[in-house]
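Let me begin by presenting the structure, written as structure tokens, before commenting on it.
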Amino acid sequence: MKLKHPSNSTSKTLSATTSSQDARLLVRETLRISANLASAPRPALPPPPISAAADGNVATFGLVEEQFLNSSLRLICREEIDGRRWEYFADLDNSKQFRKNSIRAVSLHSRQAPGQELMAFIRSYVVPEGFPDCVTPSYVPYMTWRALKHFFGGAMGVFTTQTLLSSVGVSKNRAAPGAVAINWILKDGAGRVGKMIFARQGKKFDYDLKQLRFAGDLLMELGAGVELATAAVPQLFLPMACAANVVKNVSAVTSTSTRTPIYKAFAKGENIGDVTAKGECVGNIADLLGTGLSIMIAKRNPSLVATFGLISLGYLMSSYQEVKSVVLHTLNRARFTVAVESFLKTGRVPTLREGNGMENIFNFPWSKNRPIILGSRFKDAFQDPNSYLAVEPIFERERYVVTYNPSKGGIYALLKDQAKSDDILKAAFHAHVLLHIIRSYNENQSSSSKTEGRVSVPSSASLQGHVAESYKMVLALYGPFKSKAKEQGWVMSESLLNPGRARLCELVK
């Protein structure tokens with residue numbers, strides 16, 4: 001479709017083709033971009049016409065593209081996240097070269113209706129990711145009856161709590177038992193709210209179960225500390241008890257959600273139920289013994305702070321060794337990092353016990369200080385269009401793109417929309433190879449900078465060279481790495497790398 005100059009029928013055309021919300025949004029974004037360009041100095045020569053890919057996309061909405069006629073913006077990339085699409089444009093200068101840091105994002109989706117946003121928010125809490133394809137058909141009736149059971153259980157809890165509090169010395173004829181019961185129920189209700197909020201972590205319980213299990217035990221001790229602190233400020237009992245119950249219920253979610261995968265790692269065959277039952281029995285016996293010992297110690301009126309400190313220390317040390325002793329066969333980010341770094345340095349992949357032993361338990365999934373971002377957004381990986389156009393041809397035959405962002409100091413692996421499980425694994429391996437090269441380069445530069453008394457910043461050409469070098473290394477090393485990992489017992493087909501949901505879409509040439 002050829003671009004046309006404005007005509008008298010433009011307003012009629014627009015009024016006829018902007019009936020949908022998507023079209024109105026795109027027009028609004030187009031006018032905003034054109035206004036920004038109008039405020040900038042105009043080049044002496046008219047810029048070349050907009051690319052056919054961008055032209056075709058706007059044409060799908062039935063819009064007149066005359067707003068782009070005098071625009072120097074060029075479409076360089078499309079991105080999709082859960083069905084929502086963005087287009088990224090870059091600005092050309094007078095010499096037809098892309099300006100630095102000129103990437104602009106244009107959203108192609110309209111804002112959801114409030115009702116749809118509310119339903120999406122609720123779904124993120126009550127159904128697993130990928131529902132209904134990720135579960136069997138019996139999941140819905142089971143959860144329906146389970147919810148109904150808990151509804152009646154919660155209603156019964158109000159009356160049982162009030163009765164128990166009355167039976168310990170508070171008269172039924174006074175208003176106190178009702179008030180105390182309400183306070184106690186509010187405390188328990190706050191804990192249930194905290195449990196629901198943390199349940200949104202979803203697949204992180206599968207990806208980083210050791211890290212979340214230990215984090216849950218840390219929260220359990222934090223909640224116990226807040227409960228003990230109520231003795232010092234009894235007038236703040238309700239808010240402090242609510243806060244403690246929220247924290248302890250979050251800990252309960254992590255314990256419950258990670259229990260089955262851990263027992264599954266111990267079971268051989270179809271005896272997961274027996275292993276789980278015996279494991280819970282051992283835990284209950286130990287809990288009773290600890291309760292009895294604490295009753296004996298409490299009769300001596302020991303220091304509350306000293307006793308809490310010693311017991312918490314023993315609890316956390318036991319928790320750390322508990323999760324460290326679990327040997328899992330799958331590769332999450334932490335174990336994958338251990339395996340790849342060992343392979344790049346020594347040429348061998350660690351055994352299952354070695355890899356699990358070297359896994360960093362303190363690498364929590366919500367940590368933002370990660371050297372590698374897998375499945376990142378385009379706008380996070382690239383600010384300069386030239387840096388993307390320089391590395392994009394290297395990955396023409398791959399279903400991913402890997403780059404290094406010097407301004408953020410991280411490796412970014414962007415996945416294409418055709419990426420499968422092995423492509424994600426290969427992209428993660430490539431990212432670690434590039435990180436290994438960048439770190440070696442920085443170490444050499446830092447040693448030379450100390451000698452010469454200056455700091456060297458890698459140029460875009462050297463970064464492109466590092467990416468090309470890493471690509472050659474991946475072609476030679478990825479196959480041997482997979483073979484050696486399988487020999488050591490690692491399950492490569494079910495990696496738990498937890499990539500982001502952003503995917504690059506192919507441009508129509």
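Chains: A, B, ... in order of the structure tokens. Residues: from 1 per chain. Ligands: from 1, in order shown.
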Residues within 10 Å of Gln383 of chain A, only C-alpha atoms, excluding chain neighbours under 5 positions, as a short mmCIF file (atom, residue, chain, number, x, y, z; two decimals) with N, CA, C and O atoms, in the first residue's frame:
```cif
data_model
loop_
_atom_site.label_atom_id
_atom_site.label_comp_id
_atom_site.auth_asym_id
_atom_site.auth_seq_id
_atom_site.Cartn_x
_atom_site.Cartn_y
_atom_site.Cartn_z
N ALA A 90 12.71 3.18 15.70
CA ALA A 90 13.93 3.96 15.93
C ALA A 90 13.97 5.12 14.96
O ALA A 90 13.39 5.06 13.86
N LYS A 100 21.29 7.30 18.42
CA LYS A 100 21.48 6.54 19.64
C LYS A 100 20.34 6.82 20.61
O LYS A 100 19.83 7.93 20.70
N ASN A 101 19.97 5.76 21.35
CA ASN A 101 18.93 5.86 22.38
C ASN A 101 17.63 6.46 21.83
O ASN A 101 16.96 7.24 22.50
N SER A 102 17.28 6.08 20.60
CA SER A 102 16.08 6.64 19.97
C SER A 102 14.95 5.62 19.86
O SER A 102 13.97 5.85 19.16
N ILE A 103 15.08 4.48 20.52
CA ILE A 103 14.04 3.45 20.44
C ILE A 103 12.79 3.90 21.18
O ILE A 103 12.86 4.37 22.31
N ARG A 104 11.65 3.75 20.52
CA ARG A 104 10.36 4.10 21.11
C ARG A 104 9.41 2.92 20.97
O ARG A 104 9.38 2.25 19.94
N PHE A 378 12.37 -6.43 25.19
CA PHE A 378 13.28 -5.79 24.23
C PHE A 378 13.78 -4.46 24.76
O PHE A 378 14.96 -4.13 24.64
N TYR A 388 21.16 -3.50 18.46
CA TYR A 388 20.30 -4.63 18.10
C TYR A 388 20.54 -5.05 16.66
O TYR A 388 20.68 -6.25 16.37
N ASN A 405 24.25 -5.62 27.86
CA ASN A 405 23.89 -4.21 28.00
C ASN A 405 24.88 -3.54 28.95
O ASN A 405 24.81 -3.74 30.17
N SER A 407 25.21 -0.50 29.99
CA SER A 407 24.65 0.48 30.92
C SER A 407 24.03 -0.20 32.14
O SER A 407 23.99 0.38 33.23
#
```
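Residues with any atom within 12 Å of Leu435 of chain A, counting only C-alpha atoms and excluding same-chain neighbours fewer than 5 positions away, are Thr337, Val340, Glu341, Leu344, Arg370, Pro371, Ile372, Ile373, Val402, Thr403, Tyr404, Asn405, Pro406, Gly409, Gly410, Ile411, Tyr412, Ala413, Ala428, Phe429, His430, Ser440, Tyr441, Asn442, Leu463, His466, Val467, Glu469 and Ser470 of chain A.
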Same residues, C-alpha atoms, saved as an mmCIF file, in the first residue's frame:
```cif
data_model
loop_
_atom_site.group_PDB
_atom_site.id
_atom_site.type_symbol
_atom_site.label_atom_id
_atom_site.label_comp_id
_atom_site.auth_asym_id
_atom_site.auth_seq_id
_atom_site.Cartn_x
_atom_site.Cartn_y
_atom_site.Cartn_z
ATOM 1 C CA THR A 337 24.620 -21.813 36.669
ATOM 2 C CA VAL A 340 27.632 -24.377 33.071
ATOM 3 C CA GLU A 341 30.307 -22.487 35.013
ATOM 4 C CA LEU A 344 33.380 -23.765 31.046
ATOM 5 C CA ARG A 370 20.849 -11.181 38.455
ATOM 6 C CA PRO A 371 23.682 -11.151 35.926
ATOM 7 C CA ILE A 372 21.531 -12.991 33.350
ATOM 8 C CA ILE A 373 17.935 -12.160 32.390
ATOM 9 C CA VAL A 402 21.650 -12.807 23.346
ATOM 10 C CA THR A 403 23.333 -9.483 24.071
ATOM 11 C CA TYR A 404 25.193 -7.546 26.757
ATOM 12 C CA ASN A 405 23.892 -4.208 27.999
ATOM 13 C CA PRO A 406 26.859 -2.162 29.307
ATOM 14 C CA GLY A 409 25.874 -4.581 33.357
ATOM 15 C CA GLY A 410 23.799 -7.660 32.526
ATOM 16 C CA ILE A 411 23.358 -10.351 29.885
ATOM 17 C CA TYR A 412 19.945 -10.400 28.219
ATOM 18 C CA ALA A 413 18.554 -13.425 26.388
ATOM 19 C CA ALA A 428 20.537 -19.801 28.779
ATOM 20 C CA PHE A 429 23.756 -21.684 27.960
ATOM 21 C CA HIS A 430 24.706 -18.993 25.423
ATOM 22 C CA SER A 440 37.372 -12.453 31.277
ATOM 23 C CA TYR A 441 37.571 -9.305 29.143
ATOM 24 C CA ASN A 442 36.820 -7.060 32.126
ATOM 25 C CA LEU A 463 30.770 -6.051 22.219
ATOM 26 C CA HIS A 466 32.225 -10.817 21.994
ATOM 27 C CA VAL A 467 28.741 -11.872 20.873
ATOM 28 C CA GLU A 469 32.834 -15.196 19.615
ATOM 29 C CA SER A 470 30.280 -16.569 22.071
#
```
Pick out each residue of segment 246-443 of chain A that DSSP on the backbone tags as strand (DSSP E); I need them as a VMD selection string.
chain A and resid 330 to 332 372 to 374 400 to 405 410 to 415
Can you tell me how far atom CA of Lys486 of chain A sits from atom CA of Phe343 of chain A, in Å to one decimal?
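Distance between the two atoms: 13.2 Å.
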Long-range neighbours of segment 419-426 of chain A as a VMD selection string, 10 Å cut-off, only C-alpha atoms, 3 positions minimum in chain:
chain A and resid 331 336 374 to 375 398 to 400 413 to 416 429 to 432 474 to 475 478 to 479 482 492 to 499 503 to 504
Selection near Arg353 of chain A, 9 Å with only C-alpha atoms, sequence-local residues under 5 positions removed, as a PyMOL selection string
chain A and resi 325-328+358
Okay, now the selection with N, CA and C atoms, as a PDB file, in the first residue's frame?
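Now in again_2.pdb:
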```pdb
ATOM      1  N   SER A 325      20.503 -30.843  51.734  1.00  0.00           N
ATOM      2  CA  SER A 325      20.638 -32.293  51.601  1.00  0.00           C
ATOM      3  C   SER A 325      19.760 -32.870  50.497  1.00  0.00           C
ATOM      4  N   VAL A 326      18.811 -32.087  49.986  1.00  0.00           N
ATOM      5  CA  VAL A 326      17.922 -32.581  48.931  1.00  0.00           C
ATOM      6  C   VAL A 326      18.678 -32.624  47.605  1.00  0.00           C
ATOM      7  N   VAL A 327      18.605 -33.760  46.906  1.00  0.00           N
ATOM      8  CA  VAL A 327      19.260 -33.922  45.607  1.00  0.00           C
ATOM      9  C   VAL A 327      18.187 -33.998  44.528  1.00  0.00           C
ATOM     10  N   LEU A 328      18.087 -32.943  43.735  1.00  0.00           N
ATOM     11  CA  LEU A 328      17.105 -32.873  42.647  1.00  0.00           C
ATOM     12  C   LEU A 328      17.792 -33.116  41.307  1.00  0.00           C
ATOM     13  N   MET A 358      26.490 -27.353  45.607  1.00  0.00           N
ATOM     14  CA  MET A 358      27.027 -26.028  45.291  1.00  0.00           C
ATOM     15  C   MET A 358      25.938 -25.009  44.957  1.00  0.00           C
TER      16      MET A 358
END
```
Closest of A:Gln418, A:Ala229, A:Asp217, A:Lys96 to Glu322 of chain A, counting only C-alpha atoms, is A:Asp217
Name all residues at most 12 Å from Ala267 of chain A (count only C-alpha atoms; drop same-chain ones fewer than 5 positions away) and give them as a list of chain:residue names.
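In the requested format, the answer is A:Thr260, A:Pro261, A:Ile262, A:Ile272, A:Gly273, A:Asp274, A:Val275, A:Thr276, A:Ala277, A:Lys278, A:Gly279, A:Val327, A:Leu328.
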Using only C-alpha atoms, pick whichever of A:Pro385, A:Pro137, A:Pro393, A:Gly269 has the shortest atom-to-atom distance to Phe98 of chain A.
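Using only C-alpha atoms, the shortest distance to Phe98 of chain A belongs to A:Pro385.
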Taking the DSSP assignment computed from this structure's backbone, write out as a ChimeraX atom specification all residues of segment 217-438 of chain A that belong to helix (DSSP H, G or I).
/A:217-229,234-266,272-298,304-324,333-346,352-357,378-381,385-395,421-438
Identify which of the residues A:Val233, A:Ile438, A:Val433, A:Val338 lies closest to Leu477 of chain A, counting only C-alpha atoms when measuring atom-to-atom distances.
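Ranking A:Val233, A:Ile438, A:Val433, A:Val338 by distance to Leu477 of chain A, first place goes to A:Val433.
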Please identify all polymer residues within 6 Å of segment 252-255 of chain A, counting only C-alpha atoms, omitting same-chain residues fewer than 4 positions from it, and present them as a ChimeraX atom specification.
/A:213,216,259
Please produce a file of the residues just selected, as a tab-separated table (two decimals), in the first residue's frame, where the atoms kept are N, CA and C atoms.
```tsv
chain	number	residue	atom	x	y	z
A	213	ARG	N	11.75	-22.60	50.20
A	213	ARG	CA	11.57	-23.36	51.44
A	213	ARG	C	12.38	-22.71	52.57
A	216	GLY	N	10.85	-19.42	53.56
A	216	GLY	CA	9.67	-19.64	54.41
A	216	GLY	C	10.05	-19.89	55.86
A	259	ARG	N	6.66	-29.28	49.76
A	259	ARG	CA	6.80	-30.58	50.41
A	259	ARG	C	6.73	-31.74	49.42
```
